[in-house]
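> Hey, dropping final29.txt in here, compact mmCIF, C-alpha atoms:
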```
# COMPACT_ATOMS: atom_id res chain seq x y z
CA MET A 70 32.98 171.84 -93.40
CA ALA A 71 30.90 174.33 -95.16
CA GLU A 72 32.16 177.79 -95.12
CA LEU A 73 29.93 180.74 -95.16
CA ASN A 74 29.53 181.74 -98.70
CA THR A 75 29.47 185.44 -99.10
CA GLY A 76 30.64 185.84 -102.62
CA ASP A 77 28.61 185.30 -105.69
CA GLY A 78 31.34 184.11 -107.93
CA GLY A 79 31.66 180.44 -108.47
CA GLY A 80 30.35 179.21 -105.20
CA LYS A 81 27.02 178.17 -106.59
CA LYS A 82 27.63 174.50 -106.56
CA GLY A 83 29.37 174.38 -103.29
CA SER A 84 26.87 176.44 -101.42
CA GLY A 85 23.98 174.16 -102.26
CA LYS A 86 23.74 172.84 -98.77
CA VAL A 87 24.30 176.02 -96.91
CA ARG A 88 22.08 178.30 -98.93
CA SER A 89 19.89 180.21 -96.58
CA LYS A 90 16.65 178.40 -96.29
CA LYS A 91 14.02 179.71 -98.65
CA GLN A 92 11.45 181.58 -96.61
CA ASN A 93 8.13 179.85 -96.72
CA SER A 94 5.74 182.19 -98.46
CA LYS A 95 2.70 180.56 -96.90
CA VAL A 96 1.29 182.17 -93.80
CA ASP A 97 -0.76 180.15 -91.45
CA LEU A 98 -4.25 181.46 -92.00
CA THR A 99 -6.05 179.20 -89.54
CA ALA A 100 -6.40 181.76 -86.81
CA MET A 101 -7.51 184.42 -89.23
CA VAL A 102 -10.18 182.19 -90.72
CA ASP A 103 -11.35 181.27 -87.25
CA LEU A 104 -11.75 184.89 -86.36
CA ALA A 105 -13.50 185.70 -89.60
CA PHE A 106 -16.05 182.97 -89.16
CA LEU A 107 -16.67 183.94 -85.59
CA LEU A 108 -17.46 187.46 -86.68
CA ILE A 109 -19.65 186.22 -89.51
CA THR A 110 -21.67 184.15 -87.11
CA PHE A 111 -22.05 187.11 -84.81
CA PHE A 112 -23.24 189.48 -87.50
CA MET A 113 -25.55 186.92 -89.06
CA LEU A 114 -27.27 186.20 -85.79
CA THR A 115 -27.57 189.79 -84.69
CA THR A 116 -29.04 190.98 -87.97
CA THR A 117 -31.78 188.37 -88.07
CA LEU A 118 -32.53 188.24 -84.37
CA SER A 119 -32.71 191.94 -83.76
CA LYS A 120 -35.83 192.34 -85.85
CA PRO A 121 -38.61 192.72 -83.37
CA GLN A 122 -41.33 190.18 -83.39
CA SER A 123 -44.89 191.16 -83.61
CA MET A 124 -48.27 189.71 -83.11
CA ASN A 125 -51.00 190.65 -85.46
CA LEU A 126 -54.23 191.75 -83.93
CA GLY A 127 -57.40 192.39 -85.83
CA LEU A 128 -60.16 194.17 -84.04
CA PRO A 129 -63.76 194.33 -85.18
CA ASP A 130 -64.92 197.46 -86.84
CA LYS A 131 -65.95 200.07 -84.38
CA ASP A 132 -69.30 200.95 -85.74
CA PRO A 133 -70.59 204.32 -84.68
CA ASP A 134 -74.07 202.93 -85.11
CA LYS A 135 -74.03 200.71 -82.08
CA ASP A 136 -77.40 199.08 -82.46
CA LYS A 137 -76.37 197.58 -85.72
CA ASN A 138 -74.07 194.98 -84.28
CA LYS A 139 -75.64 194.52 -80.95
CA ASP A 140 -77.76 191.53 -81.74
CA VAL A 141 -75.21 188.95 -82.70
CA LYS A 142 -76.53 185.77 -81.23
CA VAL A 143 -74.01 183.10 -80.46
CA ASP A 144 -74.56 179.71 -79.02
CA GLU A 145 -73.60 179.97 -75.37
CA ASN A 146 -72.26 176.43 -75.48
CA ARG A 147 -69.50 177.62 -77.74
CA THR A 148 -68.33 180.61 -75.81
CA MET A 149 -65.75 180.84 -73.12
CA THR A 150 -65.26 184.12 -71.35
CA ILE A 151 -61.88 184.95 -69.89
CA LEU A 152 -61.69 187.75 -67.38
CA LEU A 153 -58.31 189.30 -66.67
CA GLY A 154 -57.80 190.92 -63.30
CA ASP A 155 -54.93 192.50 -61.48
CA ASN A 156 -51.96 190.50 -60.15
CA ASN A 157 -52.15 187.99 -62.99
CA LYS A 158 -55.58 186.87 -61.96
CA LEU A 159 -57.53 185.02 -64.58
CA VAL A 160 -61.09 183.78 -64.28
CA ARG A 161 -62.91 181.90 -66.95
CA TYR A 162 -66.42 180.63 -67.34
CA VAL A 163 -68.14 178.78 -70.14
CA GLY A 164 -71.53 179.74 -71.41
CA LEU A 165 -73.57 182.37 -69.62
CA LEU A 166 -72.47 183.56 -66.25
CA ALA A 167 -75.85 182.88 -64.65
CA THR A 168 -76.21 179.45 -66.23
CA PRO A 169 -72.79 178.06 -67.05
CA VAL A 170 -72.37 174.91 -69.07
CA ALA A 171 -71.54 171.74 -67.13
CA GLY A 172 -68.05 172.10 -65.70
CA GLY A 173 -67.88 175.67 -66.83
CA ALA A 174 -68.58 177.52 -63.62
CA PRO A 175 -66.30 180.50 -62.95
CA LYS A 176 -62.91 179.29 -61.88
CA ASP A 177 -59.46 180.75 -61.42
CA PHE A 178 -56.72 179.62 -63.73
CA ALA A 179 -53.04 180.29 -64.00
CA PHE A 180 -51.37 181.54 -67.13
CA GLY A 181 -49.25 179.21 -69.15
CA LYS A 182 -49.00 175.63 -70.19
CA ASP A 183 -50.53 173.87 -67.20
CA GLY A 184 -53.20 176.42 -66.52
CA ILE A 185 -55.44 177.98 -69.06
CA ARG A 186 -53.95 176.22 -72.07
CA GLN A 187 -55.07 172.79 -70.92
CA GLU A 188 -58.53 174.12 -70.28
CA LEU A 189 -58.66 175.81 -73.67
CA LEU A 190 -57.62 172.61 -75.43
CA ASN A 191 -60.19 170.53 -73.57
CA ARG A 192 -62.93 172.98 -74.18
CA LYS A 193 -62.06 173.33 -77.81
CA GLU A 194 -62.38 169.59 -78.25
CA LYS A 195 -65.72 169.56 -76.45
CA VAL A 196 -67.10 172.37 -78.55
CA LEU A 197 -66.16 170.57 -81.72
CA GLN A 198 -67.91 167.45 -80.51
CA TYR A 199 -70.93 169.49 -79.58
CA THR A 200 -71.31 171.32 -82.86
CA GLY A 201 -69.95 168.54 -85.03
CA ASN A 202 -68.94 171.21 -87.50
CA LYS A 203 -65.38 172.24 -88.12
CA ASP A 204 -66.41 175.76 -89.04
CA LYS A 205 -68.16 176.28 -85.74
CA GLY A 206 -65.40 176.17 -83.23
CA MET A 207 -64.96 177.74 -79.88
CA ILE A 208 -65.47 181.44 -79.35
CA VAL A 209 -63.36 183.06 -76.69
CA ILE A 210 -64.27 186.41 -75.24
CA ILE A 211 -61.39 188.17 -73.53
CA LYS A 212 -62.32 190.81 -71.02
CA PRO A 213 -59.39 192.71 -69.62
CA SER A 214 -60.29 194.73 -66.57
CA LYS A 215 -58.97 198.20 -65.84
CA LYS A 216 -56.36 196.79 -63.53
CA SER A 217 -55.04 194.13 -65.82
CA ASN A 218 -51.72 194.79 -67.44
CA TYR A 219 -50.53 194.55 -70.98
CA ARG A 220 -48.44 191.45 -70.35
CA ASN A 221 -51.51 189.46 -69.40
CA LEU A 222 -53.30 190.59 -72.53
CA VAL A 223 -50.40 189.54 -74.74
CA ASP A 224 -50.10 186.28 -72.83
CA ILE A 225 -53.68 185.38 -73.40
CA LEU A 226 -53.53 186.41 -77.06
CA ASP A 227 -50.49 184.20 -77.33
CA GLU A 228 -52.45 181.30 -75.87
CA MET A 229 -55.09 181.91 -78.51
CA ALA A 230 -52.41 181.56 -81.16
CA ILE A 231 -50.92 178.45 -79.59
CA VAL A 232 -54.23 176.69 -79.05
CA ASN A 233 -55.44 177.92 -82.40
CA VAL A 234 -58.76 179.24 -81.27
CA PRO A 235 -60.71 180.11 -84.41
CA THR A 236 -62.63 183.08 -83.04
CA TYR A 237 -61.75 185.39 -80.23
CA ALA A 238 -62.62 188.92 -79.32
CA ILE A 239 -61.56 191.53 -76.85
CA VAL A 240 -64.50 193.03 -75.08
CA ASN A 241 -64.22 195.94 -72.72
CA GLU A 242 -67.60 195.84 -71.09
CA PHE A 243 -67.91 194.41 -67.64
CA THR A 244 -71.11 193.51 -65.89
CA PRO A 245 -71.13 194.01 -62.12
CA GLU A 246 -71.26 190.24 -61.62
CA GLU A 247 -68.15 189.75 -63.66
CA ALA A 248 -66.39 192.50 -61.80
CA LYS A 249 -67.25 190.73 -58.57
CA LEU A 250 -65.62 187.57 -59.84
CA LEU A 251 -62.32 189.32 -60.12
CA GLY A 252 -62.49 190.41 -56.52
CA ASP A 253 -63.41 193.73 -55.05
CA SER A 254 -60.06 195.35 -55.71
CA SER A 255 -60.71 195.76 -59.37
CA SER A 256 -64.48 195.87 -59.37
CA ALA A 257 -65.10 199.47 -58.48
CA PRO A 258 -63.97 201.31 -61.60
CA ALA A 259 -64.50 198.41 -63.91
CA SER A 260 -67.65 199.36 -65.76
CA PRO A 261 -67.53 202.88 -67.07
CA THR A 262 -68.73 202.13 -70.57
CA GLU A 263 -71.59 199.99 -69.46
CA PRO A 264 -73.83 201.69 -66.94
CA ALA A 265 -76.09 199.79 -64.62
CA ALA A 266 -78.48 199.19 -67.49
CA THR A 267 -77.33 195.63 -68.02
CA ASN A 268 -77.92 194.78 -64.42
CA PRO A 269 -81.25 192.96 -64.21
CA MET B 284 6.86 157.70 -99.60
CA LYS B 285 6.49 161.41 -99.60
CA LYS B 286 5.12 162.81 -96.42
CA LYS B 287 1.88 164.71 -97.02
CA SER B 288 1.70 168.17 -95.64
CA THR B 289 -0.96 168.56 -92.99
CA SER B 290 -1.61 172.22 -93.57
CA THR B 291 -4.20 173.06 -96.17
CA ASP B 292 -4.28 176.13 -98.27
CA MET B 293 -6.69 178.43 -96.54
CA THR B 294 -6.40 181.39 -98.82
CA ALA B 295 -9.66 180.74 -100.64
CA MET B 296 -11.52 180.01 -97.44
CA CYS B 297 -10.20 183.17 -95.90
CA ASP B 298 -11.30 185.15 -98.92
CA VAL B 299 -14.82 183.81 -98.74
CA ALA B 300 -15.03 184.32 -95.02
CA PHE B 301 -14.03 187.95 -95.27
CA LEU B 302 -16.33 188.57 -98.19
CA LEU B 303 -19.26 187.31 -96.16
CA LEU B 304 -18.09 189.25 -93.15
CA THR B 305 -17.99 192.46 -95.14
CA PHE B 306 -21.45 191.77 -96.47
CA PHE B 307 -22.96 191.21 -93.04
CA ILE B 308 -21.26 194.21 -91.53
CA LEU B 309 -22.52 196.46 -94.29
CA THR B 310 -26.08 195.16 -94.21
CA ALA B 311 -26.28 195.32 -90.43
CA THR B 312 -27.95 198.47 -89.23
CA ALA B 313 -26.73 200.19 -86.16
CA LYS B 314 -29.18 200.01 -83.32
CA VAL B 315 -30.61 203.36 -82.47
CA PRO B 316 -30.75 203.96 -78.75
CA GLU B 317 -34.29 204.15 -77.56
CA VAL B 318 -35.50 207.25 -75.88
CA MET B 319 -37.88 205.30 -73.75
CA PRO B 320 -36.80 201.73 -73.21
CA VAL B 321 -39.70 199.38 -72.74
CA ASP B 322 -39.84 195.79 -71.64
CA THR B 323 -42.01 194.08 -74.20
CA PRO B 324 -43.98 191.04 -73.13
CA ALA B 325 -42.88 187.72 -74.53
CA SER B 326 -44.83 185.65 -76.99
CA THR B 327 -44.31 182.57 -79.08
CA VAL B 328 -45.50 184.21 -82.27
CA GLN B 329 -42.72 184.28 -84.82
CA THR B 330 -43.91 186.91 -87.27
CA LYS B 331 -41.42 189.70 -87.78
CA LEU B 332 -42.24 193.34 -88.11
CA PRO B 333 -41.91 194.87 -91.56
CA GLU B 334 -38.82 197.01 -92.20
CA LYS B 335 -40.58 199.93 -93.81
CA ASP B 336 -44.00 201.49 -94.12
CA LEU B 337 -44.30 201.11 -90.40
CA ALA B 338 -45.17 203.43 -87.56
CA THR B 339 -44.51 202.38 -84.01
CA LEU B 340 -46.35 203.69 -80.99
CA THR B 341 -44.32 203.05 -77.90
CA VAL B 342 -46.34 202.99 -74.72
CA GLY B 343 -44.73 203.07 -71.31
CA ASN B 344 -45.30 204.83 -68.00
CA GLY B 345 -48.54 206.22 -69.34
CA LYS B 346 -46.72 208.09 -72.10
CA VAL B 347 -46.89 207.51 -75.80
CA PHE B 348 -43.96 207.96 -78.15
CA PHE B 349 -44.20 207.97 -81.90
CA ASP B 350 -41.86 206.76 -84.59
CA VAL B 351 -42.15 206.31 -88.35
CA LYS B 352 -39.75 204.43 -90.58
CA GLY B 353 -38.29 206.08 -93.65
CA LYS B 354 -36.67 209.49 -93.91
CA ASP B 355 -38.87 210.77 -96.73
CA VAL B 356 -42.04 209.79 -94.91
CA ARG B 357 -40.82 211.46 -91.73
CA ILE B 358 -40.08 214.74 -93.45
CA ARG B 359 -43.42 214.79 -95.20
CA THR B 360 -45.21 213.92 -91.95
CA LEU B 361 -43.45 216.76 -90.19
CA GLU B 362 -44.49 219.15 -92.95
CA LEU B 363 -48.10 218.10 -92.70
CA MET B 364 -48.05 218.37 -88.92
CA GLY B 365 -46.38 221.78 -89.14
CA ASN B 366 -49.07 223.04 -91.47
CA LYS B 367 -51.79 221.78 -89.21
CA TYR B 368 -50.41 223.27 -86.01
CA GLY B 369 -48.92 226.38 -87.57
CA VAL B 370 -45.33 225.57 -86.67
CA LYS B 371 -42.61 226.33 -89.20
CA PHE B 372 -39.76 223.88 -89.42
CA SER B 373 -36.51 224.86 -91.07
CA GLU B 374 -34.51 222.63 -93.39
CA ASP B 375 -32.20 221.74 -90.53
CA ASP B 376 -35.12 220.84 -88.31
CA GLN B 377 -36.46 218.53 -90.96
CA LYS B 378 -33.10 216.89 -91.39
CA SER B 379 -32.64 216.22 -87.74
CA PHE B 380 -36.20 214.99 -87.50
CA ALA B 381 -35.54 212.53 -90.31
CA ILE B 382 -32.71 210.82 -88.49
CA MET B 383 -34.17 211.12 -85.04
CA GLU B 384 -35.42 208.21 -83.04
CA SER B 385 -38.89 208.08 -81.54
CA PHE B 386 -40.08 211.14 -79.71
CA GLY B 387 -42.76 212.03 -77.24
CA VAL B 388 -43.30 215.75 -77.02
CA PRO B 389 -46.22 217.98 -77.85
CA MET B 390 -45.97 220.01 -81.06
CA GLY B 391 -45.08 223.13 -79.11
CA SER B 392 -41.84 221.74 -77.76
CA LEU B 393 -40.86 219.65 -80.75
CA LYS B 394 -38.58 222.40 -82.05
CA GLN B 395 -36.60 222.50 -78.82
CA ILE B 396 -36.05 218.78 -78.96
CA LEU B 397 -34.91 219.02 -82.56
CA ASP B 398 -32.37 221.68 -81.67
CA LEU B 399 -30.75 219.45 -79.08
CA LYS B 400 -27.88 217.16 -79.90
CA PRO B 401 -28.92 213.54 -80.30
CA ALA B 402 -26.99 212.57 -77.19
CA ASP B 403 -28.78 215.18 -75.11
CA ARG B 404 -32.24 214.17 -76.19
CA LYS B 405 -32.19 211.15 -73.97
CA LYS B 406 -31.53 213.27 -70.93
CA VAL B 407 -34.57 215.43 -71.41
CA GLN B 408 -37.69 214.09 -69.83
CA GLN B 409 -40.16 213.86 -72.67
CA PRO B 410 -43.74 214.09 -71.51
CA GLY B 411 -45.28 211.93 -74.23
CA ILE B 412 -47.55 212.96 -77.06
CA PRO B 413 -50.86 214.38 -75.89
CA LYS B 414 -53.66 211.94 -76.52
CA ASP B 415 -56.68 213.41 -74.75
CA SER B 416 -59.85 213.92 -76.66
CA LEU B 417 -59.35 217.70 -76.48
CA ASP B 418 -55.78 217.75 -77.69
CA ASN B 419 -55.34 214.58 -79.63
CA GLN B 420 -52.02 215.14 -81.31
CA LEU B 421 -51.27 211.44 -81.41
CA ALA B 422 -54.21 210.87 -83.73
CA ASP B 423 -52.93 213.67 -85.98
CA TRP B 424 -49.47 212.19 -86.09
CA VAL B 425 -50.85 208.82 -87.07
CA GLN B 426 -53.18 210.36 -89.62
CA ASN B 427 -50.50 212.51 -91.24
CA ALA B 428 -47.98 209.70 -91.28
CA ARG B 429 -50.51 207.59 -93.12
CA ILE B 430 -51.15 210.38 -95.62
CA ALA B 431 -47.42 210.87 -96.12
CA ASN B 432 -46.82 207.18 -96.61
CA ILE B 433 -49.56 206.86 -99.19
CA GLU B 434 -48.26 209.92 -101.05
CA LEU B 435 -44.69 208.74 -101.15
CA HIS B 436 -44.84 204.97 -101.17
CA ASP B 437 -48.35 204.38 -102.40
CA LYS B 438 -48.90 201.89 -99.62
CA GLU B 439 -50.96 201.79 -96.48
CA LEU B 440 -48.90 202.46 -93.37
CA GLU B 441 -48.79 199.64 -90.89
CA LEU B 442 -49.12 200.39 -87.22
CA ALA B 443 -47.45 198.61 -84.36
CA ILE B 444 -47.97 199.11 -80.67
CA LYS B 445 -44.95 198.51 -78.51
CA GLY B 446 -46.20 198.40 -74.98
CA ASP B 447 -44.42 197.90 -71.72
CA ALA B 448 -45.39 194.65 -70.07
CA LYS B 449 -46.40 196.35 -66.85
CA GLU B 450 -48.50 198.96 -68.57
CA GLU B 451 -52.08 198.94 -67.43
CA TYR B 452 -54.68 197.98 -69.94
CA PRO B 453 -56.68 201.26 -70.07
CA ILE B 454 -53.77 203.13 -71.65
CA ILE B 455 -53.26 200.45 -74.25
CA LYS B 456 -56.94 200.56 -74.88
CA ARG B 457 -56.84 204.32 -75.29
CA VAL B 458 -54.14 203.96 -77.97
CA MET B 459 -56.09 201.21 -79.68
CA ASP B 460 -59.16 203.41 -79.61
CA ILE B 461 -57.27 206.23 -81.29
CA LEU B 462 -56.25 203.85 -84.04
CA GLN B 463 -59.72 202.46 -84.33
CA ASP B 464 -61.18 205.93 -84.61
CA GLN B 465 -59.26 206.12 -87.87
CA LYS B 466 -60.59 202.76 -88.96
CA ILE B 467 -57.29 201.02 -88.37
CA ASN B 468 -58.58 197.73 -87.13
CA ASN B 469 -55.55 195.69 -87.91
CA PHE B 470 -52.26 196.36 -86.25
CA SER B 471 -49.37 194.57 -84.64
CA LEU B 472 -48.30 194.22 -81.06
CA VAL B 473 -44.55 194.13 -80.69
CA THR B 474 -43.43 191.27 -78.48
CA GLY B 475 -40.19 189.75 -77.38
CA LEU B 476 -39.04 186.24 -77.92
CA ARG B 477 -40.16 183.67 -75.44
CA GLY B 478 -37.21 181.42 -74.80
CA LYS B 479 -38.30 178.25 -73.07
CA GLU B 480 -41.79 177.09 -72.29
CA LYS B 481 -42.37 177.44 -68.64
```
Show the structure stored in the file as structure tokens.


Amino acid sequence: MAELNTGDGGGKKGSGKVRSKKQNSKVDLTAMVDLAFLLITFFMLTTTLSKPQSMNLGLPDKDPDKDKNKDVKVDENRTMTILLGDNNKLVRYVGLLATPVAGGAPKDFAFGKDGIRQELLNRKEKVLQYTGNKDKGMIVIIKPSKKSNYRNLVDILDEMAIVNVPTYAIVNEFTPEEAKLLGDSSSAPASPTEPAATNP
Amino acid sequence: MKKKSTSTDMTAMCDVAFLLLTFFILTATAKVPEVMPVDTPASTVQTKLPEKDLATLTVGNGKVFFDVKGKDVRIRTLELMGNKYGVKFSEDDQKSFAIMESFGVPMGSLKQILDLKPADRKKVQQPGIPKDSLDNQLADWVQNARIANIELHDKELELAIKGDAKEEYPIIKRVMDILQDQKINNFSLVTGLRGKEK
């Protein structure tokens, strides 16, 4: 049949069938594209996810003239005080400690969805009903004790953001009664800024 | 009927893919190893930290480390601090300070840390920046970084506190107080991402 055509001469016609197959110039790029997209995905995700998140915190002006902002009167029906203790302890009361609002006596709560968040949502609703004014929402006072850790503080600030509490403040002054609520372990060194003067 | 080829021409797709890949690789910034790794508490807040005009105070184990973004701001801050504490920094010192990660040493030993190789800096136990009321170098660092940032970028420096989750509140409060003494009442708390709601 066909003989191997080595010469160039006149064999053109005859070698039509035997001519070495033309090399396909196309390379299969599928694997390469796969790899490229995998890497793209990786770099895209790492660049956007590596940016640290942050929570904005505005603190009230620290006025050297203390008497100036001492007499801010707030309706006790609108306030909830959250005390943070050691070992993730959290105590809240509504209103004044001596005369809490109905259902607002000091009580322990857990962090998270089923604990303090439910209570915050309920209380927020109640406060709105009580004031009947959208601008006068709940006021939350956060009091971290000396033994509380930073995680608890961020957790509770996070709850504030989730529940959308309009006004909240971090207060560092503990009364002896409040210190007692958190248990004796954290009560002793808890009130250095506030001497016994507040104790009636 | 002519049989259709199943393979598609992927040349264009490949081109685009590699173009994007190059772009992302070039824009990605290498992660600088942290001198003091901290475990930030999680939160659901989604706001991201700004890329520049930012100073970070890292708090962990009762120590405070300081870091400012931007090489020019860092050099100027170092100059201002050097003038204040009477420490002379050479050109090389400034250069290595500019590319250095966060640090936590008193002014006296800053030079020694700068002379070390970047890889060795992690091995040295850094005592943290003094923050007592008698020797409040942290406040000076913050103050001078703010001055430097306003001089160079004409913008107020933003402050972020990156605290370890297990850190006790009084130390965080001390850092906040230092900031508040300078009338910085608005700052950020660096948090991690909270994956699933518990």

> As an exercise, work out the distance from atom CA of Lys205 of chain A to atom CA of Met149 of chain A in Å and give it to one decimal place.

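If I compute the distance from atom CA of Lys205 of chain A to atom CA of Met149 of chain A, I get 13.6 Å.
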
> If we count all atoms listed in the file, what is near Ala295 of chain B at a cut-off of 12 Å, once residues fewer than 5 positions away on the same chain are taken out, given as a count of residues only?

6

> When you draw a straight line from atom CA of Asp183 of chain A to atom CA of Thr244 of chain A, how long is it in Å?

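Value for the atom CA of Asp183 of chain A-atom CA of Thr244 of chain A distance: 28.5 Å.
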
> What are the closest atom pairs, with distances in Å to one decimal, for each residue of chain B lying within 6 Å of chain A, using only C-alpha atoms, rows by chain and rising residue number, as a tab-separated table?


```
residue	atom	partner	partner_atom	distance
B:Met293	CA	A:Leu98	CA	6.0
B:Cys297	CA	A:Val102	CA	5.3
B:Ala300	CA	A:Ala105	CA	5.8
B:Leu304	CA	A:Ile109	CA	5.0
B:Phe307	CA	A:Phe112	CA	5.8
B:Ala311	CA	A:Thr116	CA	5.7
B:Pro324	CA	A:Arg220	CA	5.3
B:Ser326	CA	A:Asp227	CA	5.9
B:Thr330	CA	A:Gln122	CA	5.7
B:Lys331	CA	A:Gln122	CA	4.4
B:Leu332	CA	A:Ser123	CA	5.7
B:Ala448	CA	A:Arg220	CA	4.4
B:Lys449	CA	A:Asn218	CA	5.6
B:Glu450	CA	A:Asn218	CA	5.4
B:Glu451	CA	A:Asn218	CA	4.2
B:Tyr452	CA	A:Asn218	CA	5.0
B:Pro453	CA	A:Lys215	CA	5.7
B:Asn468	CA	A:Leu128	CA	5.0
B:Asn469	CA	A:Gly127	CA	4.3
B:Phe470	CA	A:Leu126	CA	5.5
B:Ser471	CA	A:Asn125	CA	4.3
B:Leu472	CA	A:Met124	CA	5.0
B:Val473	CA	A:Ser123	CA	4.2
B:Thr474	CA	A:Ser123	CA	5.3
```

> Could you tell me how far atom CA of Ala431 of chain B lies from atom CA of Val356 of chain B, in Å and to one decimal?

5.6 Å

> Let me know the centre plus edge lengths, in Å and rounded to one decimal, of a box with edges along x, y and z that contains all listed atoms of segment 468-477 of chain B and is padded by 4 Å on every side, as AutoDock Vina command-line options.


```
--center_x -48.8 --center_y 190.7 --center_z -81.7 --size_x 27.5 --size_y 22.1 --size_z 20.5
```

> What lies within 10 Å of Lys158 of chain A using all atoms listed in the file, ignoring chain neighbours under 5 positions off, as a ChimeraX atom specification?

/A:152-153,177-180,217,221,251-252

> Set the distance at 12 Å and use all atoms listed in the file: which residues neighbour Gly353 of chain B once local chain neighbours fewer than 2 positions away are removed? I'd like the list as a PyMOL selection string.

chain B and resi 333-338+350-351+355-360+380-384+428+431-432+435-436+440

> I need the residue nearest Ser385 of chain B from this list: B:Ala325, B:Leu442, B:Ile430, B:Val318. Use all atoms listed in the file for the distance.

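Ranking B:Ala325, B:Leu442, B:Ile430, B:Val318 by distance to Ser385 of chain B, first place goes to B:Val318.
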
> Mind filling out segment 395-407 of chain B with N, CA and C atoms and sending it as a PDB file, in the frame of the given file?


```
ATOM      1  N   GLN B 395     -37.695 222.514 -79.805  1.00  0.00           N
ATOM      2  CA  GLN B 395     -36.600 222.500 -78.820  1.00  0.00           C
ATOM      3  C   GLN B 395     -35.872 221.169 -78.825  1.00  0.00           C
ATOM      4  N   ILE B 396     -36.662 220.105 -78.938  1.00  0.00           N
ATOM      5  CA  ILE B 396     -36.050 218.780 -78.960  1.00  0.00           C
ATOM      6  C   ILE B 396     -35.194 218.607 -80.202  1.00  0.00           C
ATOM      7  N   LEU B 397     -35.666 219.153 -81.317  1.00  0.00           N
ATOM      8  CA  LEU B 397     -34.910 219.020 -82.560  1.00  0.00           C
ATOM      9  C   LEU B 397     -33.603 219.787 -82.498  1.00  0.00           C
ATOM     10  N   ASP B 398     -33.598 220.879 -81.755  1.00  0.00           N
ATOM     11  CA  ASP B 398     -32.370 221.680 -81.670  1.00  0.00           C
ATOM     12  C   ASP B 398     -31.306 221.018 -80.805  1.00  0.00           C
ATOM     13  N   LEU B 399     -31.727 220.102 -79.960  1.00  0.00           N
ATOM     14  CA  LEU B 399     -30.750 219.450 -79.080  1.00  0.00           C
ATOM     15  C   LEU B 399     -29.868 218.499 -79.872  1.00  0.00           C
ATOM     16  N   LYS B 400     -28.734 218.199 -79.298  1.00  0.00           N
ATOM     17  CA  LYS B 400     -27.880 217.160 -79.900  1.00  0.00           C
ATOM     18  C   LYS B 400     -28.491 215.802 -79.595  1.00  0.00           C
ATOM     19  N   PRO B 401     -28.306 214.853 -80.518  1.00  0.00           N
ATOM     20  CA  PRO B 401     -28.920 213.540 -80.300  1.00  0.00           C
ATOM     21  C   PRO B 401     -28.594 212.936 -78.942  1.00  0.00           C
ATOM     22  N   ALA B 402     -27.381 213.174 -78.469  1.00  0.00           N
ATOM     23  CA  ALA B 402     -26.990 212.570 -77.190  1.00  0.00           C
ATOM     24  C   ALA B 402     -27.753 213.214 -76.031  1.00  0.00           C
ATOM     25  N   ASP B 403     -28.101 214.485 -76.210  1.00  0.00           N
ATOM     26  CA  ASP B 403     -28.780 215.180 -75.110  1.00  0.00           C
ATOM     27  C   ASP B 403     -30.264 214.879 -75.043  1.00  0.00           C
ATOM     28  N   ARG B 404     -30.797 214.384 -76.160  1.00  0.00           N
ATOM     29  CA  ARG B 404     -32.240 214.170 -76.190  1.00  0.00           C
ATOM     30  C   ARG B 404     -32.692 213.140 -75.170  1.00  0.00           C
ATOM     31  N   LYS B 405     -31.810 212.202 -74.907  1.00  0.00           N
ATOM     32  CA  LYS B 405     -32.190 211.150 -73.970  1.00  0.00           C
ATOM     33  C   LYS B 405     -32.316 211.683 -72.551  1.00  0.00           C
ATOM     34  N   LYS B 406     -31.546 212.747 -72.300  1.00  0.00           N
ATOM     35  CA  LYS B 406     -31.530 213.270 -70.930  1.00  0.00           C
ATOM     36  C   LYS B 406     -32.787 214.059 -70.613  1.00  0.00           C
ATOM     37  N   VAL B 407     -33.374 214.612 -71.646  1.00  0.00           N
ATOM     38  CA  VAL B 407     -34.570 215.430 -71.410  1.00  0.00           C
ATOM     39  C   VAL B 407     -35.750 214.503 -71.130  1.00  0.00           C
TER      40      VAL B 407
END
```
